[in-house]
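K.L.:
Pasting entry-v7.txt here (compact mmCIF, C-alpha atoms and all ligand atoms):
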# COMPACT_ATOMS: atom_id res chain seq x y z
CA MET A 809 14.69 12.50 -12.58
CA GLU A 810 14.91 15.89 -10.87
CA TRP A 811 11.70 16.94 -12.58
CA CYS A 812 9.97 13.73 -11.50
CA VAL A 813 10.96 14.51 -7.93
CA SER A 814 9.66 18.07 -8.14
CA MET A 815 6.23 17.04 -9.40
CA PRO A 816 3.51 16.32 -6.78
CA LYS A 817 2.73 12.63 -6.65
CA ILE A 818 0.20 10.19 -5.23
CA GLU A 819 1.32 6.80 -3.88
CA LEU A 820 -1.42 4.19 -3.56
CA HIS A 821 0.46 0.88 -3.37
CA ALA A 822 3.22 0.86 -0.76
CA HIS A 823 3.74 -1.91 1.82
CA LEU A 824 5.12 -0.56 5.08
CA ASN A 825 7.67 -3.30 5.71
CA GLY A 826 8.65 -3.36 2.04
CA SER A 827 9.40 0.36 2.14
CA ILE A 828 11.92 0.19 4.98
CA ARG A 829 15.23 1.98 4.42
CA ASP A 830 18.22 -0.35 3.79
CA ASN A 831 20.17 1.36 6.55
CA THR A 832 17.38 0.94 9.04
CA LEU A 833 17.00 -2.71 8.14
CA LEU A 834 20.74 -3.25 8.58
CA ASP A 835 20.65 -1.30 11.87
CA LEU A 836 17.83 -3.35 13.30
CA ALA A 837 19.36 -6.61 12.06
CA ARG A 838 22.72 -5.72 13.59
CA ALA A 839 21.06 -4.92 16.92
CA LEU A 840 19.31 -8.31 16.89
CA GLY A 841 22.62 -9.92 15.95
CA ASP A 842 24.25 -8.27 18.98
CA LYS A 843 21.51 -9.68 21.19
CA GLY A 844 22.14 -13.13 19.70
CA VAL A 845 18.62 -13.40 18.25
CA ILE A 846 19.92 -13.76 14.68
CA ASP A 847 23.29 -14.37 13.04
CA PHE A 848 23.95 -11.03 11.37
CA SER A 849 26.65 -12.37 9.04
CA GLN A 850 24.10 -14.83 7.63
CA VAL A 851 21.50 -12.18 6.84
CA GLU A 852 23.61 -9.23 5.72
CA HIS A 853 23.99 -10.52 2.15
CA VAL A 854 20.26 -11.29 1.94
CA ILE A 855 19.47 -7.67 2.79
CA LEU A 856 22.03 -6.26 0.39
CA LYS A 857 21.14 -8.50 -2.56
CA ASN A 858 19.53 -6.53 -5.38
CA ASP A 859 18.05 -9.02 -7.84
CA ARG A 860 15.43 -11.15 -6.18
CA SER A 861 12.92 -13.57 -7.61
CA LEU A 862 9.35 -13.43 -6.28
CA SER A 863 10.02 -16.31 -3.88
CA GLU A 864 13.26 -14.66 -2.66
CA VAL A 865 11.29 -11.48 -2.04
CA PHE A 866 8.98 -13.38 0.30
CA LYS A 867 12.00 -14.92 2.07
CA LEU A 868 13.29 -11.40 2.61
CA PHE A 869 9.91 -10.38 4.02
CA ASP A 870 10.18 -13.20 6.54
CA LEU A 871 13.54 -11.81 7.60
CA ILE A 872 12.24 -8.22 7.69
CA HIS A 873 9.37 -9.34 9.89
CA ILE A 874 11.78 -10.95 12.37
CA VAL A 875 13.77 -7.75 12.45
CA THR A 876 10.93 -5.22 12.61
CA THR A 877 8.20 -6.84 14.64
CA ASP A 878 8.30 -4.89 17.85
CA HIS A 879 6.38 -1.72 18.55
CA SER A 880 9.28 0.71 18.49
CA SER A 881 10.63 -0.60 15.17
CA ILE A 882 7.19 -0.36 13.59
CA THR A 883 6.87 3.21 14.85
CA ARG A 884 10.34 4.05 13.56
CA ILE A 885 9.89 2.61 10.09
CA THR A 886 6.45 4.23 9.70
CA LYS A 887 7.94 7.61 10.56
CA GLU A 888 10.84 7.13 8.16
CA VAL A 889 8.69 5.81 5.32
CA VAL A 890 6.37 8.83 5.52
CA GLU A 891 9.36 11.19 5.66
CA ASP A 892 10.89 9.50 2.60
CA PHE A 893 7.73 9.76 0.53
CA ALA A 894 7.15 13.38 1.61
CA SER A 895 10.72 14.31 0.74
CA GLU A 896 10.12 13.37 -2.91
CA ASN A 897 6.87 15.39 -3.01
CA VAL A 898 4.38 12.62 -2.51
CA VAL A 899 1.38 14.63 -1.28
CA TYR A 900 -0.98 11.73 -0.63
CA LEU A 901 0.13 8.30 0.55
CA GLU A 902 -1.92 5.18 1.13
CA LEU A 903 0.31 3.00 3.24
CA ARG A 904 -0.67 -0.62 3.66
CA THR A 905 0.48 -3.06 6.29
CA THR A 906 -0.44 -6.45 7.74
CA PRO A 907 -1.28 -6.12 11.45
CA LYS A 908 0.80 -8.69 13.31
CA LYS A 909 0.51 -10.47 16.59
CA ASN A 910 3.50 -11.48 18.67
CA ASP A 911 2.81 -12.72 22.19
CA SER A 912 6.41 -12.68 23.32
CA LEU A 913 6.54 -8.93 22.63
CA GLY A 914 3.05 -8.24 23.98
CA MET A 915 1.96 -7.26 20.50
CA SER A 916 -1.62 -7.63 19.33
CA LYS A 917 -2.93 -6.67 15.91
CA ARG A 918 -4.51 -3.65 17.56
CA SER A 919 -1.30 -2.55 19.29
CA TYR A 920 0.57 -3.08 15.99
CA VAL A 921 -1.73 -0.56 14.29
CA ASP A 922 -1.36 1.76 17.29
CA ALA A 923 2.41 1.62 16.76
CA VAL A 924 1.91 2.58 13.11
CA VAL A 925 -0.29 5.52 14.13
CA GLU A 926 2.37 6.50 16.67
CA GLY A 927 4.84 6.61 13.77
CA LEU A 928 2.55 9.00 11.88
CA ARG A 929 2.37 11.23 14.94
CA ALA A 930 6.15 11.10 15.38
CA VAL A 931 6.93 12.74 12.03
CA SER A 932 8.10 16.28 12.67
CA SER A 933 9.91 17.26 9.49
CA VAL A 934 6.66 17.48 7.49
CA ASP A 935 2.99 18.03 8.36
CA VAL A 936 1.18 14.72 8.31
CA ALA A 937 -2.62 14.74 7.97
CA PHE A 938 -3.92 11.29 8.80
CA ILE A 939 -7.15 11.92 10.70
CA PRO A 940 -10.21 11.78 8.40
CA SER A 941 -11.62 14.93 6.92
CA SER A 942 -14.04 15.98 9.67
CA GLU A 943 -10.92 16.71 11.74
CA GLU A 944 -8.83 18.13 8.94
CA PRO A 945 -8.77 21.80 8.08
CA THR A 946 -11.31 22.30 5.32
CA ASN A 947 -9.86 25.56 4.08
CA LEU A 948 -9.62 24.54 0.46
CA SER A 949 -8.00 27.78 -0.52
CA SER A 950 -4.71 26.79 1.15
CA PRO A 951 -2.90 24.26 -1.00
CA LEU A 952 -0.74 21.56 0.50
CA LEU A 953 2.53 23.16 -0.48
CA SER A 954 1.84 26.46 1.15
CA ASP A 955 3.02 29.59 -0.65
CA ALA A 956 2.67 31.51 2.60
CA SER A 957 5.41 29.63 4.43
CA ASP A 958 7.60 29.95 1.36
CA LYS A 959 7.29 33.73 1.47
CA CYS A 960 8.03 33.77 5.21
CA ASN A 961 11.49 32.25 5.32
CA GLY A 962 12.16 30.55 2.04
CA ASN A 963 11.46 27.09 3.48
CA ILE A 964 8.40 25.24 2.27
CA ARG A 965 7.02 23.07 5.02
CA LYS A 966 5.71 20.08 3.17
CA LYS A 967 2.41 18.42 3.92
CA ILE A 968 1.36 14.92 3.19
CA PHE A 969 -1.96 13.17 3.59
CA VAL A 970 -1.60 9.60 4.83
CA ARG A 971 -4.31 6.97 4.82
CA LEU A 972 -3.88 3.37 5.95
CA LEU A 973 -4.96 0.10 4.39
CA LEU A 974 -4.89 -3.05 6.51
CA SER A 975 -3.59 -6.04 4.60
CA ILE A 976 -4.81 -9.58 4.84
CA ASP A 977 -1.89 -11.96 4.33
CA ARG A 978 -2.71 -15.06 2.31
CA ARG A 979 -0.91 -17.19 4.93
CA GLU A 980 -2.84 -16.33 8.08
CA THR A 981 -3.62 -19.31 10.28
CA THR A 982 -6.73 -20.55 12.02
CA GLU A 983 -4.95 -20.67 15.38
CA ALA A 984 -3.97 -17.03 15.27
CA ALA A 985 -7.50 -16.18 14.32
CA MET A 986 -9.02 -18.07 17.19
CA GLU A 987 -7.02 -16.20 19.80
CA THR A 988 -8.01 -12.89 18.28
CA VAL A 989 -11.64 -13.91 18.12
CA ILE A 990 -11.82 -14.42 21.86
CA PHE A 991 -10.89 -10.80 22.41
CA TYR A 992 -12.91 -9.22 19.66
CA ALA A 993 -15.92 -11.46 19.84
CA GLU A 994 -17.00 -9.85 23.11
CA VAL A 995 -17.22 -6.49 21.43
CA PHE A 996 -18.38 -7.46 18.00
CA TRP A 997 -20.14 -10.78 18.52
CA ALA A 998 -23.48 -9.62 17.20
CA LYS A 999 -22.03 -8.63 13.84
CA LEU A 1000 -19.46 -11.37 13.80
CA SER A 1001 -21.92 -14.21 14.28
CA LEU A 1002 -23.80 -13.10 11.18
CA PHE A 1003 -20.79 -13.76 9.04
CA VAL A 1004 -18.69 -16.45 10.63
CA THR A 1005 -19.52 -19.78 9.14
CA ASP A 1006 -16.31 -21.62 9.89
CA LEU A 1007 -13.11 -21.17 11.81
CA GLU A 1008 -10.87 -20.65 8.78
CA ARG A 1009 -12.57 -17.38 8.06
CA TYR A 1010 -12.27 -15.76 11.48
CA THR A 1011 -8.90 -14.18 10.96
CA HIS A 1012 -9.85 -12.29 7.84
CA LEU A 1013 -13.11 -11.05 9.30
CA LEU A 1014 -11.23 -9.83 12.31
CA GLN A 1015 -8.83 -7.92 10.14
CA VAL A 1016 -11.86 -6.10 8.79
CA MET A 1017 -13.17 -5.50 12.32
CA LEU A 1018 -9.86 -3.95 13.26
CA ALA A 1019 -9.96 -1.75 10.18
CA LEU A 1020 -13.42 -0.53 11.13
CA GLU A 1021 -12.33 0.22 14.66
CA MET A 1022 -9.31 2.09 13.39
CA ARG A 1023 -11.22 4.16 10.86
CA ARG A 1024 -10.88 7.18 13.07
CA PHE A 1025 -7.11 7.02 12.55
CA GLY A 1026 -7.42 7.10 8.80
CA VAL A 1027 -7.81 3.42 7.96
CA VAL A 1028 -9.80 3.52 4.73
CA GLY A 1029 -9.55 0.07 3.26
CA ILE A 1030 -8.47 -3.53 3.10
CA ASP A 1031 -5.81 -5.06 0.89
CA LEU A 1032 -5.34 -8.70 0.03
CA SER A 1033 -1.65 -9.50 -0.41
CA GLY A 1034 1.00 -12.03 0.54
CA ASN A 1035 2.62 -14.80 -1.43
CA PRO A 1036 0.31 -15.32 -4.42
CA ALA A 1037 1.28 -18.98 -4.59
CA VAL A 1038 -0.28 -19.51 -1.15
CA GLY A 1039 -3.94 -19.64 -0.10
CA GLU A 1040 -7.27 -19.73 -1.86
CA TRP A 1041 -9.19 -16.63 -2.88
CA ILE A 1042 -12.46 -18.03 -1.58
CA THR A 1043 -11.11 -18.01 2.00
CA TYR A 1044 -11.07 -14.22 2.04
CA LEU A 1045 -14.27 -13.49 0.21
CA PRO A 1046 -16.61 -13.27 3.24
CA ALA A 1047 -14.28 -10.80 4.94
CA LEU A 1048 -13.97 -8.70 1.81
CA ILE A 1049 -17.73 -8.66 1.30
CA PHE A 1050 -18.16 -7.65 4.91
CA ALA A 1051 -15.55 -4.91 4.53
CA ARG A 1052 -17.37 -3.53 1.56
CA GLN A 1053 -20.72 -3.60 3.36
CA GLN A 1054 -19.16 -1.53 6.13
CA GLY A 1055 -17.99 1.12 3.69
CA LEU A 1056 -14.32 0.13 3.58
CA TYR A 1057 -12.63 0.14 0.18
CA VAL A 1058 -10.97 -3.00 -1.15
CA THR A 1059 -7.88 -3.45 -3.29
CA LEU A 1060 -6.59 -6.85 -4.32
CA HIS A 1061 -3.22 -8.13 -5.51
CA CYS A 1062 -4.52 -9.72 -8.66
CA GLY A 1063 -2.76 -11.69 -11.38
CA GLU A 1064 0.72 -11.69 -9.84
CA VAL A 1065 1.00 -15.30 -10.95
CA SER A 1066 -0.88 -17.22 -13.58
CA ASN A 1067 -4.18 -18.26 -12.01
CA SER A 1068 -6.94 -17.72 -14.51
CA LYS A 1069 -9.84 -18.76 -12.30
CA GLU A 1070 -8.77 -16.59 -9.38
CA ILE A 1071 -8.27 -13.55 -11.61
CA HIS A 1072 -11.71 -14.13 -13.11
CA ASN A 1073 -13.33 -14.35 -9.67
CA MET A 1074 -11.47 -11.34 -8.33
CA LEU A 1075 -12.68 -9.23 -11.23
CA ASP A 1076 -16.21 -10.48 -10.61
CA PHE A 1077 -15.97 -9.07 -7.10
CA LEU A 1078 -15.39 -5.58 -8.58
CA PRO A 1079 -12.75 -4.33 -6.12
CA GLN A 1080 -12.20 -0.55 -6.08
CA ARG A 1081 -8.65 -1.13 -7.35
CA ILE A 1082 -6.33 -4.00 -8.18
CA GLY A 1083 -2.56 -4.27 -8.03
CA HIS A 1084 -0.25 -5.68 -10.73
CA ALA A 1085 -2.42 -7.52 -13.33
CA CYS A 1086 0.68 -9.21 -14.78
CA PHE A 1087 -0.73 -12.58 -15.79
CA PHE A 1088 -3.97 -11.49 -17.38
CA GLU A 1089 -5.39 -13.32 -20.37
CA GLU A 1090 -7.51 -11.82 -23.15
CA GLU A 1091 -10.73 -12.47 -21.31
CA HIS A 1092 -9.39 -10.77 -18.14
CA TRP A 1093 -8.33 -7.66 -20.05
CA ARG A 1094 -11.76 -7.41 -21.61
CA ARG A 1095 -13.48 -7.65 -18.25
CA LEU A 1096 -11.04 -5.27 -16.58
CA LYS A 1097 -11.50 -2.65 -19.25
CA SER A 1098 -15.27 -2.90 -19.32
CA SER A 1099 -15.45 -2.58 -15.53
CA ASN A 1100 -12.96 0.30 -15.43
CA ILE A 1101 -11.23 -0.94 -12.27
CA PRO A 1102 -8.11 1.19 -11.70
CA VAL A 1103 -4.79 -0.69 -11.78
CA GLU A 1104 -1.89 0.02 -9.44
CA ILE A 1105 1.17 -0.40 -11.68
CA CYS A 1106 4.49 -1.26 -10.05
CA LEU A 1107 7.08 -1.31 -12.85
CA THR A 1108 10.28 -2.02 -10.93
CA SER A 1109 8.60 -4.61 -8.72
CA ASN A 1110 7.25 -6.48 -11.75
CA ILE A 1111 10.63 -6.45 -13.47
CA ARG A 1112 12.59 -7.47 -10.37
CA THR A 1113 10.27 -10.37 -9.61
CA LEU A 1114 10.23 -11.41 -13.28
CA SER A 1115 6.45 -11.02 -13.37
CA VAL A 1116 6.81 -9.36 -16.78
CA PRO A 1117 9.48 -10.43 -19.31
CA THR A 1118 10.84 -6.96 -20.17
CA ILE A 1119 9.94 -3.39 -19.33
CA ASP A 1120 9.04 -2.66 -22.99
CA ALA A 1121 6.49 -5.46 -22.90
CA HIS A 1122 4.84 -4.14 -19.74
CA HIS A 1123 1.05 -3.89 -19.87
CA PHE A 1124 1.33 -0.23 -18.77
CA VAL A 1125 1.54 0.72 -22.46
CA ASP A 1126 -1.65 -0.99 -23.48
CA LEU A 1127 -3.61 0.31 -20.50
CA TYR A 1128 -2.22 3.81 -20.92
CA ASN A 1129 -3.07 3.90 -24.63
CA ALA A 1130 -6.54 2.58 -23.87
CA ARG A 1131 -6.94 5.39 -21.31
CA HIS A 1132 -7.67 2.81 -18.67
CA PRO A 1133 -7.45 4.22 -15.11
CA LEU A 1134 -4.02 3.48 -13.70
CA VAL A 1135 -1.63 4.78 -11.10
CA LEU A 1136 2.14 4.34 -10.86
CA CYS A 1137 3.28 2.96 -7.51
CA THR A 1138 6.40 1.59 -5.82
CA ASP A 1139 5.07 -1.58 -4.10
CA ASP A 1140 8.19 -2.02 -1.94
CA SER A 1141 10.56 0.90 -2.37
CA GLY A 1142 13.04 -0.56 0.13
CA VAL A 1143 13.06 -4.13 -1.11
CA PHE A 1144 13.25 -3.05 -4.76
CA SER A 1145 15.48 0.02 -4.22
CA THR A 1146 13.17 2.43 -5.96
CA SER A 1147 11.11 5.56 -5.30
CA LEU A 1148 7.94 6.92 -6.82
CA SER A 1149 9.93 9.57 -8.70
CA ASN A 1150 12.04 6.77 -10.13
CA GLU A 1151 8.93 4.90 -11.28
CA TYR A 1152 7.79 8.02 -13.18
CA ASN A 1153 11.26 8.43 -14.58
CA ILE A 1154 11.23 4.83 -15.85
CA ALA A 1155 7.79 5.37 -17.41
CA ALA A 1156 9.05 8.54 -19.08
CA SER A 1157 12.20 7.02 -20.50
CA THR A 1158 10.68 3.69 -21.50
CA PHE A 1159 7.33 4.78 -22.87
CA GLY A 1160 8.24 8.28 -24.02
CA LEU A 1161 6.00 10.27 -21.68
CA GLY A 1162 6.65 14.01 -21.61
CA GLN A 1163 6.32 16.30 -18.60
CA ASN A 1164 2.69 17.17 -19.32
CA GLU A 1165 1.75 13.53 -19.69
CA MET A 1166 3.51 12.56 -16.47
CA PHE A 1167 1.83 15.38 -14.62
CA GLU A 1168 -1.59 14.34 -15.96
CA LEU A 1169 -0.93 10.72 -15.01
CA SER A 1170 -0.03 11.80 -11.50
CA LYS A 1171 -2.96 14.20 -11.18
CA ASN A 1172 -5.47 11.65 -12.49
CA SER A 1173 -4.49 9.35 -9.62
CA ILE A 1174 -6.47 11.65 -7.31
CA GLU A 1175 -9.65 10.11 -8.68
CA PHE A 1176 -8.62 6.62 -7.51
CA ILE A 1177 -7.67 7.38 -3.91
CA PHE A 1178 -9.71 5.91 -1.06
CA GLY A 1179 -9.64 9.24 0.78
CA ASP A 1180 -12.81 11.32 0.76
CA ASN A 1181 -14.00 14.19 -1.43
CA VAL A 1182 -12.60 16.90 0.83
CA VAL A 1183 -9.12 15.43 0.44
CA LYS A 1184 -9.61 15.01 -3.31
CA GLU A 1185 -10.58 18.67 -3.65
CA ILE A 1186 -7.52 19.81 -1.69
CA LEU A 1187 -5.30 17.60 -3.85
CA ARG A 1188 -6.78 19.00 -7.07
CA LYS A 1189 -5.93 22.49 -5.87
CA THR A 1190 -2.43 21.37 -4.93
CA PHE A 1191 -1.86 20.01 -8.43
CA ASP A 1192 -3.31 23.14 -10.04
CA SER A 1193 -0.99 25.35 -8.07
CA ALA A 1194 1.98 23.05 -8.81
CA ALA A 1195 1.17 23.16 -12.53
CA LYS A 1196 1.60 26.92 -12.41
CA SER A 1197 4.91 26.83 -10.59
CA LEU A 1198 6.20 24.07 -12.92
CA GLU A 1199 5.06 26.25 -15.84
CA LEU A 1200 2.94 23.52 -17.42
P1 LIG A 1301 3.82 -5.43 5.76
O1 LIG A 1301 2.39 -5.82 5.47
O2 LIG A 1301 3.96 -4.02 6.23
O3 LIG A 1301 4.49 -6.41 6.68
O4 LIG A 1301 4.59 -5.46 4.36
C1 LIG A 1301 5.19 -6.63 3.84
C2 LIG A 1301 4.13 -7.61 3.38
O5 LIG A 1301 3.42 -7.07 2.26
C3 LIG A 1301 4.68 -8.93 2.85
O6 LIG A 1301 4.90 -9.85 3.89
C4 LIG A 1301 3.58 -9.40 1.92
O7 LIG A 1301 2.53 -10.01 2.64
C5 LIG A 1301 3.07 -8.09 1.36
N1 LIG A 1301 3.71 -7.81 0.06
C6 LIG A 1301 4.72 -6.97 -0.21
N2 LIG A 1301 5.04 -7.00 -1.52
C7 LIG A 1301 4.20 -7.86 -2.08
C8 LIG A 1301 4.03 -8.32 -3.42
O8 LIG A 1301 4.74 -7.94 -4.38
N3 LIG A 1301 3.05 -9.24 -3.62
C9 LIG A 1301 2.25 -9.70 -2.61
N4 LIG A 1301 2.38 -9.29 -1.36
C10 LIG A 1301 3.35 -8.39 -1.09
ZN ZN A 1302 2.09 -5.22 -3.36
Would you put the structure from the file into structure tokens?
P.N.:
Amino acid sequence: MEWCVSMPKIELHAHLNGSIRDNTLLDLARALGDKGVIDFSQVEHVILKNDRSLSEVFKLFDLIHIVTTDHSSITRITKEVVEDFASENVVYLELRTTPKKNDSLGMSKRSYVDAVVEGLRAVSSVDVAFIPSSEEPTNLSSPLLSDASDKCNGNIRKKIFVRLLLSIDRRETTEAAMETVIFYAEVFWAKLSLFVTDLERYTHLLQVMLALEMRRFGVVGIDLSGNPAVGEWITYLPALIFARQQGLYVTLHCGEVSNSKEIHNMLDFLPQRIGHACFFEEEHWRRLKSSNIPVEICLTSNIRTLSVPTIDAHHFVDLYNARHPLVLCTDDSGVFSTSLSNEYNIAASTFGLGQNEMFELSKNSIEFIFGDNVVKEILRKTFDSAAKSLEL
């Protein structure tokens, strides 16, 4: 485990509110209990429960959202989540979150994302690079884990690149969309009117609009997530096509439940990555492999939610042996009590990966990030220099 922590890592599938620290969640819940907003004694056991089915996980998310949906909590958990990933040597993090609107708190989807960005700015224990590459130092000769600072005082000041993905939740309502449209339509009407064919689709298009507007803060893509038993894939397709046309990357939660037609259609769309792929059938594997779409693998999440029967039977093995592009991820490190180092450790102990293989797996993930070529080049150098210090 220690070695897994020491190795540089890339995290590409982490939901902000799923990555919240237990203590922070308890803290925030207790504070709401004190204010009489919730009954703390009723929720404490829900937070502390370890084994959760997929539907219980989504119940917990509902609770988390009650507890975290104000600007200062969002800022706080963003800061802590980045610190936690950086502390286990994650050098590049794509953090995804669903922008939320809450009138009673004066929160719009835009101000929600601003609160996330505020959280990135608030991190002081590590250097966080979240502005796109034109504003990042392009001195490729200085790796992320700087030797220079090490020589100075023995303390390595860690650096982490963070990029954001805005998630579309499969539950979003027409009403919420309409209110957002009134605001955004003034600015974006020309583009919007080209794509909006009915009311149902507004909300997803607007999520994309927000992502475009926020690109300067490191928003690089769109994710489709939420309870896989809810919603129809076709609802989101116009927004995802639009996102792609605007140069945003797309990743989809795909095959979390058995839904052959949806999996088929999602693969047809050729997203830049997919998450999970648990309920794939022969035909889906064939198409996935021939299209080379990278898969975000979340071992603990899949086991906890019973999306795969046992860890030995996990499709990681088949994809890994087939040299299919894949990346190990946490999904919800808070909700599933895991860390990226732990995911590597599980892969090592279950599938017999040695240090070199784990390092290669981690390094190969660079090729699947949504960050640009400058970032990729810096990351390659970081891994090369880490390989030397780890004596690989
Ligand atoms: P947030 O987007 O920062 O609020 O993170 C929590 C949200 O991520 C949940 O409400 C879901 O919409 C989504 N999410 C987290 N884990 C999963 C998963 O395993 N499957 C599908 N969606 C998920
Ligand atoms: Zn997920």
K.L.:
Rank nothing, just name the residue among A:Leu824, A:Ala937, A:Ala1130, A:Val924 nearest to ligand ZN 1302 (chain A), using all atoms listed in the file.
P.N.:
A:Leu824
K.L.:
List all protein, DNA and RNA residues that have any atom at most 9 Å from ligand ZN 1302 (chain A), counting all atoms listed in the file, and write the list as a list in words.
P.N.:
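The residues within 9 Å of ligand ZN 1302 (chain A), counting all atoms listed in the file, are His821, Ala822, His823, Gly826, Arg904, Asp1031, Leu1032, Ser1033, Gly1034, Leu1060, His1061, Gly1083, His1084, Glu1104, Cys1106, Ser1109, Thr1138, Asp1139 and Asp1140 of chain A.
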K.L.:
Set the distance at 10 Å and use all atoms listed in the file: which residues neighbour Ala1195 of chain A once local chain neighbours fewer than 3 positions away are removed? I'd like the list as a PyMOL selection string.
P.N.:
chain A and resi 815-816+1164+1167-1168+1171+1189-1192+1198-1200
K.L.:
For each of A:Val845, A:Ile1119, A:Leu1096, A:Leu868, take the minimum atom-to-atom distance to Asp1076 of chain A, counting all atoms listed in the file, then give the residue where this is smallest.
P.N.:
A:Leu1096
K.L.:
Report, in Å to a single decimal, how far apart atom CA of Asp830 of chain A and atom CA of Thr877 of chain A are.
P.N.:
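Distance between the two atoms: 16.1 Å.
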K.L.:
Using all atoms listed in the file, can you list as a count of residues only the residues within 12 Å of (-7.8, -7.1, -11.7)?
P.N.:
47
